Structure formats: C-alpha cells, structure tokens
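**Q** Structure below; questions to follow.
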Amino acid sequence: MARQTRTANDPALYDDLAGEWWRPRGVFAVLHWLAAARGALVPAGRPGAVLVDLGCGAGLLAPHVDGYAHVGVDLSRESLALARERGVLAVRGDAAAVPLPDGCADVVVAGEILEHVPDLAAVVAEACRLLKPGGLLVIDTLAATALCRFLAIGVAERIPRIAVRGVHDPALLVDRRELVRECARHGVELTLRGIAPHLGDAARWLARRRETVRMVPVATTAVLFQAWGVKGPADR
Ligand SMILES: C[S@@+](CC[C@H](N)C(=O)[O-])C[C@H]1O[C@@H](n2cnc3c(N)ncnc32)[C@H](O)[C@@H]1O
C-alpha cells in the first residue's frame with residue numbers, strides 16, 4: 001500500500017487513504033469524534049454566514065455545523081472531492097496561503113491541521129486574516145509535549161483504527177504558548193481546553209457496542225486540546 005512508503009506527515013497520505021474518510025470505523029474514526037466536538041463549539045450560522053474550514057479533509061465537520069456556507073480548504077484533491085459531495089465549497093490550497101479574501105469568514109476552523117503544518121505562524125496569520133472582526137476561531141490540535149509524543153504517536157499510531165502510522169511528525173506538534181502568542185498578535189485571545197475520548201465510550205466502541213465516542217474535557221491541555229477565541233483588534 002502506498003502509505004507504507006510515505007515519509008512522516010506526507011500530505012499525499014490523505015489521497016492514498018481517501019476511501020477511509022467516511023468509514024465510521026475506518027482509520028479516521030477518531031476524526032469523526034473530534035469533528036463532533038469541534039462542531040459543538042460553533043454556534044448556528046445566520047443567513048449569509050461563512051465558515052472557512054482549513055484542512056477540511058473530506059468535510060467531516062459538515063454534519064456538525066448548521067447555517068453556514070461551508071468553505072473547505074485543503075491540499076488533498078481526493079479529500080476535497082469527497083468534501084464537495086457533503087456540500088462543502090471545496091478550495092484547493094495551502095492553509096499558509098489561502099486563496100480567499102481578508103475578512104470573508106464569520107468562523108474559521110482549523111481542526112487537526114496545525115500539527116501537520118511546517119509554518120504554524122503563517123497558518124495562524126491566515127486564519128486570523130480570513131476572520132471578520134468579531135468572528136470566531138476554533139482549533140483543535142496536539143500539543144508539543146513528551147506526553148503527547150508518547151500517547152498520540154508512540155501509542156496511538158500503533159493501535160489499528162485509532163491513528164495511521166506515520167501520520168504525525170513529532171517535530172510539528174504545536175507549542176501552546178506559541179499558538180496563543182501568534183493568535184494574540186492577530187487579535188484573537190484564545191481559551192484552551194484539554195479533551196480526550198470518553199473511556200467508557202471508547203471501550204464500547206471497540207466492542208462494537210457504540211457507534212461513536214464522545215470527547216470530554218480533561219484537566220490538561222498537554223495532549224489533545226481545543227482552542228477558541230473571537231477576533232478583536234490586533235495586539236501589535
Ligand atoms: C488530520 S486531517 C484533518 C482533516 C479535517 N480537519 C478533520 O478533522 O476531519 C489533516 C488535513 O489537513 C490537510 N493539510 C495538511 N497540510 C495542509 C496545508 N498546508 N494546507 C491545507 N491542508 C493541509 C490534509 O490534506 C488533511 O486533509
């Protein structure tokens with residue numbers, strides 16, 4: 001299979017695995033759980049509202065948001081084709097240089113993409129540039145900590161159906177302080193919250209007694225975390 005010859009974090013992996021995106025028990029199952037948790041942070045949109053979904057993949061967020069023109073930006077053609085089938089207005093592009101105008105979005109979402117990009121500051125700048133004043137930024141990603149490297153890469157990537165082997169480059173996990181600082185520079189004060197799969201749900205899901213797994217808040221942001229904030233005036 002092509003993915004076995006890919007290097008860590010090769011974006012082509014998402015084209016190789018496109019057939020897995022919408023399988024609730026496929027290798028992207030956890031992304032379905034995360035999309036539901038992310039969607040819960042997005043209020044219903046009003047007529048004309050625009051949501052830009054950076055690194056939208058196959059549009060897993062689409063069932064969890066309501067009332068927006070849902071614009072998805074991604075590098076993966078195969079994933080974008082699937083997103084389009086779910087009603088996403090698909091735009092092929094790099095999240096570090098998005099071909100959309102300033103201030104076009106009521107909501108910008110960056111779900112499970114920041115830990116894949118080589119230039120975090122550039123993607124944050126783009127996310128904030130796209131937001132209207134008063135617009136909402138919603139993020140979830142993996143923290144640059146030893147605990148996260150151990151759990152999300154060392155352990156999770158060895159469990160079939162939990163994470164794809166080689167999907168993460170440990171060097172790209174997200175420094176929470178840098179993320180907060182870069183967002184603040186562009187006028188978005190972030191609130192962070194750690195989340196994790198509900199263990200009972202996960203056990204039942206593995207035993208095929210549940211269809212999905214809730215993500216629940218946890219005391220630490222040192223592994224998987226959500227972040228959100230509203231765009232005000234830029235700091236400097
Ligand atoms: C882990 S998946 C998350 C997909 C989606 N946000 C979700 O949670 O279902 C990461 C996605 O980011 C995309 N991606 C990675 N680097 C990117 C970049 N620089 N610009 C745009 N998309 C990128 C990949 O193609 C992939 O679809």
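By convention here, the chains of the structure tokens are called A, B, ... in the order presented, each chain's residues are numbered starting at 1, and ligands are numbered starting at 1 in the order presented.
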As a PyMOL selection string, which residues of region 57-179 of chain A does DSSP assign to alpha helix (DSSP H)?

**A** chain A and resi 77-85+120-130+146-148+176-179

**Q** Can you spit out the residues from that selection as a PDB file, in the first residue's frame, using N, CA and C atoms?

**A**
ATOM      1  N   ARG A  77      -6.614  16.589  -3.215  1.00  0.00           N
ATOM      2  CA  ARG A  77      -7.692  16.615  -4.224  1.00  0.00           C
ATOM      3  C   ARG A  77      -8.753  15.567  -3.938  1.00  0.00           C
ATOM      4  N   GLU A  78      -8.290  14.361  -3.577  1.00  0.00           N
ATOM      5  CA  GLU A  78      -9.249  13.260  -3.343  1.00  0.00           C
ATOM      6  C   GLU A  78     -10.156  13.590  -2.164  1.00  0.00           C
ATOM      7  N   SER A  79      -9.583  14.168  -1.129  1.00  0.00           N
ATOM      8  CA  SER A  79     -10.380  14.511   0.055  1.00  0.00           C
ATOM      9  C   SER A  79     -11.373  15.611  -0.295  1.00  0.00           C
ATOM     10  N   LEU A  80     -10.906  16.601  -1.043  1.00  0.00           N
ATOM     11  CA  LEU A  80     -11.795  17.708  -1.423  1.00  0.00           C
ATOM     12  C   LEU A  80     -12.975  17.209  -2.260  1.00  0.00           C
ATOM     13  N   ALA A  81     -12.722  16.226  -3.107  1.00  0.00           N
ATOM     14  CA  ALA A  81     -13.822  15.696  -3.931  1.00  0.00           C
ATOM     15  C   ALA A  81     -14.903  15.101  -3.025  1.00  0.00           C
ATOM     16  N   LEU A  82     -14.475  14.429  -1.961  1.00  0.00           N
ATOM     17  CA  LEU A  82     -15.440  13.843  -1.026  1.00  0.00           C
ATOM     18  C   LEU A  82     -16.141  14.936  -0.213  1.00  0.00           C
ATOM     19  N   ALA A  83     -15.389  15.968   0.138  1.00  0.00           N
ATOM     20  CA  ALA A  83     -15.988  17.087   0.896  1.00  0.00           C
ATOM     21  C   ALA A  83     -17.085  17.749   0.055  1.00  0.00           C
ATOM     22  N   ARG A  84     -16.806  17.886  -1.221  1.00  0.00           N
ATOM     23  CA  ARG A  84     -17.780  18.511  -2.136  1.00  0.00           C
ATOM     24  C   ARG A  84     -19.095  17.713  -2.124  1.00  0.00           C
ATOM     25  N   GLU A  85     -18.983  16.398  -2.067  1.00  0.00           N
ATOM     26  CA  GLU A  85     -20.207  15.556  -2.032  1.00  0.00           C
ATOM     27  C   GLU A  85     -21.036  15.809  -0.781  1.00  0.00           C
ATOM     28  N   LEU A 120       3.636  27.201  11.524  1.00  0.00           N
ATOM     29  CA  LEU A 120       2.459  27.464  12.352  1.00  0.00           C
ATOM     30  C   LEU A 120       2.058  28.943  12.287  1.00  0.00           C
ATOM     31  N   ALA A 121       3.055  29.818  12.387  1.00  0.00           N
ATOM     32  CA  ALA A 121       2.753  31.257  12.419  1.00  0.00           C
ATOM     33  C   ALA A 121       2.039  31.693  11.142  1.00  0.00           C
ATOM     34  N   ALA A 122       2.448  31.133  10.010  1.00  0.00           N
ATOM     35  CA  ALA A 122       1.835  31.523   8.734  1.00  0.00           C
ATOM     36  C   ALA A 122       0.379  31.068   8.678  1.00  0.00           C
ATOM     37  N   VAL A 123       0.103  29.884   9.176  1.00  0.00           N
ATOM     38  CA  VAL A 123      -1.285  29.374   9.123  1.00  0.00           C
ATOM     39  C   VAL A 123      -2.164  30.155  10.098  1.00  0.00           C
ATOM     40  N   VAL A 124      -1.630  30.449  11.273  1.00  0.00           N
ATOM     41  CA  VAL A 124      -2.398  31.256  12.230  1.00  0.00           C
ATOM     42  C   VAL A 124      -2.686  32.636  11.621  1.00  0.00           C
ATOM     43  N   ALA A 125      -1.699  33.220  10.996  1.00  0.00           N
ATOM     44  CA  ALA A 125      -1.893  34.543  10.378  1.00  0.00           C
ATOM     45  C   ALA A 125      -3.000  34.474   9.325  1.00  0.00           C
ATOM     46  N   GLU A 126      -3.001  33.413   8.542  1.00  0.00           N
ATOM     47  CA  GLU A 126      -4.041  33.257   7.520  1.00  0.00           C
ATOM     48  C   GLU A 126      -5.421  33.085   8.148  1.00  0.00           C
ATOM     49  N   ALA A 127      -5.475  32.240   9.174  1.00  0.00           N
ATOM     50  CA  ALA A 127      -6.765  32.001   9.841  1.00  0.00           C
ATOM     51  C   ALA A 127      -7.333  33.325  10.354  1.00  0.00           C
ATOM     52  N   CYS A 128      -6.486  34.129  10.965  1.00  0.00           N
ATOM     53  CA  CYS A 128      -6.948  35.394  11.546  1.00  0.00           C
ATOM     54  C   CYS A 128      -7.251  36.427  10.454  1.00  0.00           C
ATOM     55  N   ARG A 129      -6.493  36.382   9.388  1.00  0.00           N
ATOM     56  CA  ARG A 129      -6.752  37.305   8.263  1.00  0.00           C
ATOM     57  C   ARG A 129      -8.123  37.035   7.660  1.00  0.00           C
ATOM     58  N   LEU A 130      -8.498  35.777   7.583  1.00  0.00           N
ATOM     59  CA  LEU A 130      -9.774  35.426   6.953  1.00  0.00           C
ATOM     60  C   LEU A 130     -10.971  35.831   7.804  1.00  0.00           C
ATOM     61  N   ALA A 146       6.239  15.875  25.679  1.00  0.00           N
ATOM     62  CA  ALA A 146       6.707  14.481  25.679  1.00  0.00           C
ATOM     63  C   ALA A 146       5.523  13.535  25.872  1.00  0.00           C
ATOM     64  N   LEU A 147       4.562  13.951  26.711  1.00  0.00           N
ATOM     65  CA  LEU A 147       3.394  13.094  26.962  1.00  0.00           C
ATOM     66  C   LEU A 147       2.606  12.881  25.666  1.00  0.00           C
ATOM     67  N   CYS A 148       2.436  13.939  24.911  1.00  0.00           N
ATOM     68  CA  CYS A 148       1.691  13.832  23.653  1.00  0.00           C
ATOM     69  C   CYS A 148       2.452  12.971  22.648  1.00  0.00           C
ATOM     70  N   ARG A 176       1.923  25.273  22.648  1.00  0.00           N
ATOM     71  CA  ARG A 176       0.717  26.007  23.052  1.00  0.00           C
ATOM     72  C   ARG A 176       0.993  27.484  23.272  1.00  0.00           C
ATOM     73  N   ARG A 177       2.177  27.788  23.844  1.00  0.00           N
ATOM     74  CA  ARG A 177       2.484  29.208  24.089  1.00  0.00           C
ATOM     75  C   ARG A 177       2.637  29.966  22.781  1.00  0.00           C
ATOM     76  N   GLU A 178       3.296  29.307  21.828  1.00  0.00           N
ATOM     77  CA  GLU A 178       3.466  29.954  20.511  1.00  0.00           C
ATOM     78  C   GLU A 178       2.105  30.169  19.852  1.00  0.00           C
ATOM     79  N   LEU A 179       1.236  29.175  19.965  1.00  0.00           N
ATOM     80  CA  LEU A 179      -0.094  29.296  19.352  1.00  0.00           C
ATOM     81  C   LEU A 179      -0.861  30.478  19.966  1.00  0.00           C
TER      82      LEU A 179
END

**Q** Which residues are near ligand 1 in this structure, taking near to mean any atom at most 8 Å from a ligand atom and counting only C-alpha atoms and all ligand atoms? Format them as a PyMOL selection string.

**A** chain A and resi 11-15+21+28+31-32+34-35+53-61+73-76+79+92-96+110-114+116-118+123+167

**Q** Counting only C-alpha atoms, figure out which residue out of A:Ile139, A:Leu224, A:Ala105, A:Cys183 gets nearest to Ala40 (chain A).

**A**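 Checking each candidate against Ala40 (chain A), we get A:Ile139 as the closest.
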
**Q** Give me, as a PyMOL selection string, all polymer residues having an atom no more than 12 Å from Pro43 (chain A), counting only C-alpha atoms and skipping those fewer than 2 positions away in the same chain.

**A** chain A and resi 38-41+45-46+49+51+64-68+106-107+135-138

**Q** Here is a test: counting only C-alpha atoms, which residue of A:Val98, A:Leu142, A:Ala18, A:Val27 is nearest to Ile159 (chain A)?

**A**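 Once distances to Ile159 (chain A) are computed over only C-alpha atoms, the minimum belongs to A:Val27.
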
**Q** Just how far from CA of Asp119 (chain A) is CA of Lys132 (chain A), in Å to one decimal?

**A** 22.6 Å

**Q** Nearest residue to Ala227 (chain A) out of A:Val164, A:Ala184, A:Leu100, A:Leu192, using only C-alpha atoms?

**A**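 Among the listed residues, A:Leu192 lies closest to Ala227 (chain A).
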
**Q** What's the 8 Å shell around Asp169 (chain A), counting only C-alpha atoms, without same-chain residues fewer than 3 positions away, as a VMD selection string?

**A** chain A and resid 8 to 9 115 to 116 166 172 to 173

**Q** Hey, can you check how far CA of Val216 (chain A) sits from CA of Glu182 (chain A)?

**A**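 Taking CA of Val216 (chain A) as the start and CA of Glu182 (chain A) as the end point, the length is 26.4 Å.
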
**Q** Which residue is closest to Pro233 (chain A)? Choose from A:Leu131, A:Val180, A:Cys104, A:Ala196 and count only C-alpha atoms.

**A** A:Leu131

**Q** In region 2-94 of chain A, what's strand (DSSP E) per DSSP? Answer as a PyMOL selection string?

**A** chain A and resi 50-54+69-74+89-92

**Q** By how many Å are CA of Pro101 (chain A) and CA of Trp228 (chain A) apart?

**A**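 Interatomic distance here is 21.6 Å.
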